[in-house]
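A.B. asks: Let me give you the structure first, and then I'll get to my questions.
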Amino acid sequence: MTVTAGVVAVQGDVSEHAAAIERAAASHGQDAEVREIRESGVVPDCDLLLLPGGESTTISRLLHREGIAPEIVDHVGAGKPVLATCAGLIVLSTDANDDRVETLDLVDATVERNAFGRQKDSFEAPLDVAGLDDPFHAVFIRAPLIESVGEAEVLAEWDGRPVAVRDGPVVGTSFHPELTDDARIHDLAFFAAD
């Protein structure tokens with residue numbers, strides 16, 4: 001079986017996420033056709049979506065300008081899975097604490113941009129993640145802080161603060177799972193029900 005995976009390619013680690021999706025699919029005996037999304041019309045053909053990091057104000061503006069934002073909302077409304085990492089989580093949240101970010105209100109959480117600090121404050125940490133048997137080595141780069149969670153389920157915390165959540169078919173992380181060779185976060189988001 002082949003799944004069609006869309007990676008929003010307006011910013012972020014597109015090739016790294018594509019490789020992680022392919023590894024996660026292969027672990028389930030599936031192939032993944034990864035499509036880069038830069039304009040509207042691609043999302044409706046995707047079985048799963050990934051919204052990578054980058055700069056949340058820019059990503060938000062481009063998603064709306066290119067007509068991709070309502071397609072993502074429809075994708076989630078149809079119960080199809082999405083993984084949103086770092087700035088992707090900010091864009092999908094219900095509150096980004098920044099009027100420049102037009103959120104899609106798909107993850108019931110309030111998020112603070114760059115709350116873990118500047119680039120020089122980046123760090124790596126082992127995380128216990130709900131649904132994973134062993135800790136996940138997470139990479140935090142200018143990471144957002146999940147300040148509060150409404151209906152979303154907290155999947156992982158660092159220093160007592162949520163850093164991974166699930167809200168329906170959406171998994172959001174403050175960290176960059178694509179920067180490791182470990183595809184378990186992608187697997188958890190896209191194939192855990194298999």
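Letters for chains follow the order of the structure tokens (A, B, ...), residue numbers begin at 1 for each chain, and ligand numbers begin at 1 in the order shown.
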Using only C-alpha atoms, what does the table of region 21-131 of chain A residues within 12 Å of region 155-173 of chain A look like, with each row giving the shortest atom pair and its distance in Å to one decimal, sorted by chain and ascending number, as a Markdown table?

C.D. replies:
| residue | atom | partner | partner_atom | distance |
| --- | --- | --- | --- | --- |
| A:Asp47 | CA | A:Pro169 | CA | 11.7 |
| A:Leu48 | CA | A:Pro169 | CA | 9.7 |
| A:Leu49 | CA | A:Val170 | CA | 9.4 |
| A:Leu50 | CA | A:Val170 | CA | 9.6 |
| A:Leu51 | CA | A:Gly172 | CA | 9.3 |
| A:Pro52 | CA | A:Thr173 | CA | 9.9 |
| A:Gly53 | CA | A:Thr173 | CA | 9.8 |
| A:Ile72 | CA | A:Val170 | CA | 10.8 |
| A:Val73 | CA | A:Val170 | CA | 10.8 |
| A:Asp74 | CA | A:Pro169 | CA | 12.0 |
| A:His75 | CA | A:Pro169 | CA | 9.6 |
| A:Val76 | CA | A:Pro169 | CA | 6.5 |
| A:Gly77 | CA | A:Pro169 | CA | 8.9 |
| A:Ala78 | CA | A:Pro169 | CA | 9.2 |
| A:Gly79 | CA | A:Pro169 | CA | 5.8 |
| A:Lys80 | CA | A:Pro169 | CA | 6.1 |
| A:Pro81 | CA | A:Pro169 | CA | 4.6 |
| A:Val82 | CA | A:Val170 | CA | 4.7 |
| A:Leu83 | CA | A:Val171 | CA | 4.9 |
| A:Ala84 | CA | A:Gly172 | CA | 4.7 |
| A:Thr85 | CA | A:Thr173 | CA | 4.8 |
| A:Cys86 | CA | A:Thr173 | CA | 5.9 |
| A:Ala87 | CA | A:Thr173 | CA | 9.1 |
| A:Gly88 | CA | A:Gly172 | CA | 7.7 |
| A:Leu89 | CA | A:Gly172 | CA | 5.2 |
| A:Ile90 | CA | A:Gly172 | CA | 8.7 |
| A:Val91 | CA | A:Gly172 | CA | 10.2 |
| A:Leu92 | CA | A:Gly172 | CA | 8.3 |
| A:Ser93 | CA | A:Gly172 | CA | 8.8 |
| A:Thr94 | CA | A:Asp167 | CA | 11.2 |
| A:Leu104 | CA | A:Val170 | CA | 11.9 |
| A:Asp105 | CA | A:Asp167 | CA | 10.6 |
| A:Leu106 | CA | A:Asp167 | CA | 7.5 |
| A:Val107 | CA | A:Asp167 | CA | 5.5 |
| A:Asp108 | CA | A:Asp167 | CA | 6.8 |
| A:Ala109 | CA | A:Val165 | CA | 8.7 |
| A:Thr110 | CA | A:Pro162 | CA | 10.8 |
| A:Val111 | CA | A:Val163 | CA | 10.1 |
| A:Glu112 | CA | A:Val163 | CA | 11.5 |
| A:Ala115 | CA | A:Arg161 | CA | 11.3 |
| A:Phe116 | CA | A:Val163 | CA | 10.7 |
| A:Phe123 | CA | A:Trp158 | CA | 11.5 |
| A:Glu124 | CA | A:Trp158 | CA | 10.7 |
| A:Ala125 | CA | A:Trp158 | CA | 8.2 |
| A:Pro126 | CA | A:Trp158 | CA | 8.8 |
| A:Leu127 | CA | A:Ala156 | CA | 6.6 |
| A:Asp128 | CA | A:Ala156 | CA | 6.1 |
| A:Val129 | CA | A:Ala156 | CA | 4.8 |
| A:Ala130 | CA | A:Leu155 | CA | 4.9 |
| A:Gly131 | CA | A:Leu155 | CA | 7.9 |

A.B. asks: Contacts of Asp181 (chain A) at 12 Å or less, counting only C-alpha atoms, minus same-chain residues fewer than 6 places along, as a count of residues only?

C.D. replies: 12

A.B. asks: If you run DSSP on the backbone here, which positions in region 26-98 of chain A get strand (DSSP E or B)? Please write them as a list of chain:residue names.

C.D. replies: A:Asp31, A:Ala32, A:Glu33, A:Val34, A:Arg35, A:Glu36, A:Ile37, A:Leu48, A:Leu49, A:Leu50, A:Leu51, A:Val82, A:Leu83, A:Ala84, A:Thr85, A:Ser93, A:Thr94, A:Asp95

A.B. asks: Suppose we keep N, CA and C atoms; can you now write the selection as a short mmCIF file (atom, residue, chain, number, x, y, z; two decimals), in the first residue's frame?

C.D. replies:
data_model
loop_
_atom_site.label_atom_id
_atom_site.label_comp_id
_atom_site.auth_asym_id
_atom_site.auth_seq_id
_atom_site.Cartn_x
_atom_site.Cartn_y
_atom_site.Cartn_z
N ASP A 31 4.62 2.06 1.47
CA ASP A 31 5.42 3.06 0.76
C ASP A 31 4.76 4.42 0.99
N ALA A 32 5.56 5.45 0.94
CA ALA A 32 5.04 6.81 1.07
C ALA A 32 5.45 7.63 -0.14
N GLU A 33 4.47 8.18 -0.80
CA GLU A 33 4.73 9.16 -1.87
C GLU A 33 4.64 10.53 -1.21
N VAL A 34 5.76 11.21 -1.10
CA VAL A 34 5.79 12.50 -0.42
C VAL A 34 5.68 13.62 -1.45
N ARG A 35 4.70 14.50 -1.22
CA ARG A 35 4.48 15.63 -2.10
C ARG A 35 4.73 16.92 -1.32
N GLU A 36 5.46 17.84 -1.93
CA GLU A 36 5.70 19.15 -1.33
C GLU A 36 4.53 20.07 -1.65
N ILE A 37 4.03 20.75 -0.63
CA ILE A 37 2.85 21.61 -0.77
C ILE A 37 3.29 23.06 -0.71
N LEU A 48 -2.05 12.09 4.67
CA LEU A 48 -1.51 12.67 5.89
C LEU A 48 -0.72 13.92 5.55
N LEU A 49 -0.60 14.81 6.54
CA LEU A 49 0.08 16.10 6.33
C LEU A 49 1.12 16.34 7.40
N LEU A 50 2.12 17.08 7.02
CA LEU A 50 3.14 17.52 7.97
C LEU A 50 3.37 19.01 7.79
N LEU A 51 3.32 19.73 8.90
CA LEU A 51 3.56 21.17 8.90
C LEU A 51 4.83 21.41 9.71
N VAL A 82 -2.28 14.83 11.01
CA VAL A 82 -1.33 15.91 10.77
C VAL A 82 -0.29 15.86 11.89
N LEU A 83 0.96 16.08 11.52
CA LEU A 83 2.03 16.31 12.49
C LEU A 83 2.52 17.74 12.27
N ALA A 84 2.47 18.53 13.34
CA ALA A 84 2.91 19.93 13.29
C ALA A 84 4.06 20.11 14.28
N THR A 85 5.22 20.53 13.76
CA THR A 85 6.40 20.65 14.62
C THR A 85 6.81 22.12 14.75
N SER A 93 -2.26 26.06 16.57
CA SER A 93 -2.82 26.26 17.91
C SER A 93 -4.05 27.16 17.87
N THR A 94 -4.73 27.22 19.02
CA THR A 94 -5.87 28.14 19.13
C THR A 94 -5.44 29.55 19.53
N ASP A 95 -4.22 29.66 20.12
CA ASP A 95 -3.74 30.98 20.52
C ASP A 95 -2.21 30.98 20.48
#

A.B. asks: Enter the distance from CA of Arg142 (chain A) to CA of Val101 (chain A), in Å, rounded to one decimal.

C.D. replies: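 Rounded to one decimal, the two atoms are 16.5 Å apart.
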
A.B. asks: Extract, using only C-alpha atoms, all DNA, RNA and protein residues at most 10 Å from His64 (chain A), discarding same-chain residues fewer than 5 positions from it, and format them as a VMD selection string.

C.D. replies: chain A and resid 40 59 69 to 71 102 to 104

A.B. asks: So what do you get for CA of Ala192 (chain A) versus CA of Ser27 (chain A), distance-wise?

C.D. replies: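 It comes out at 11.2 Å.
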
A.B. asks: To test your reading of the structure, identify every residue in region 52-102 of chain A that backbone DSSP assigns to helix (DSSP H, G or I), and report it as a ChimeraX atom specification.

C.D. replies: /A:56-65,69-77,87-92

A.B. asks: Find, counting only C-alpha atoms, the residue in A:Ile68, A:Ala18, A:Val8, A:Ile146 that gets nearest to His186 (chain A).

C.D. replies: A:Ala18

A.B. asks: Provide the CA of Thr58 (chain A) to CA of Val3 (chain A) distance in Å, to one decimal place.

C.D. replies: 28.5 Å
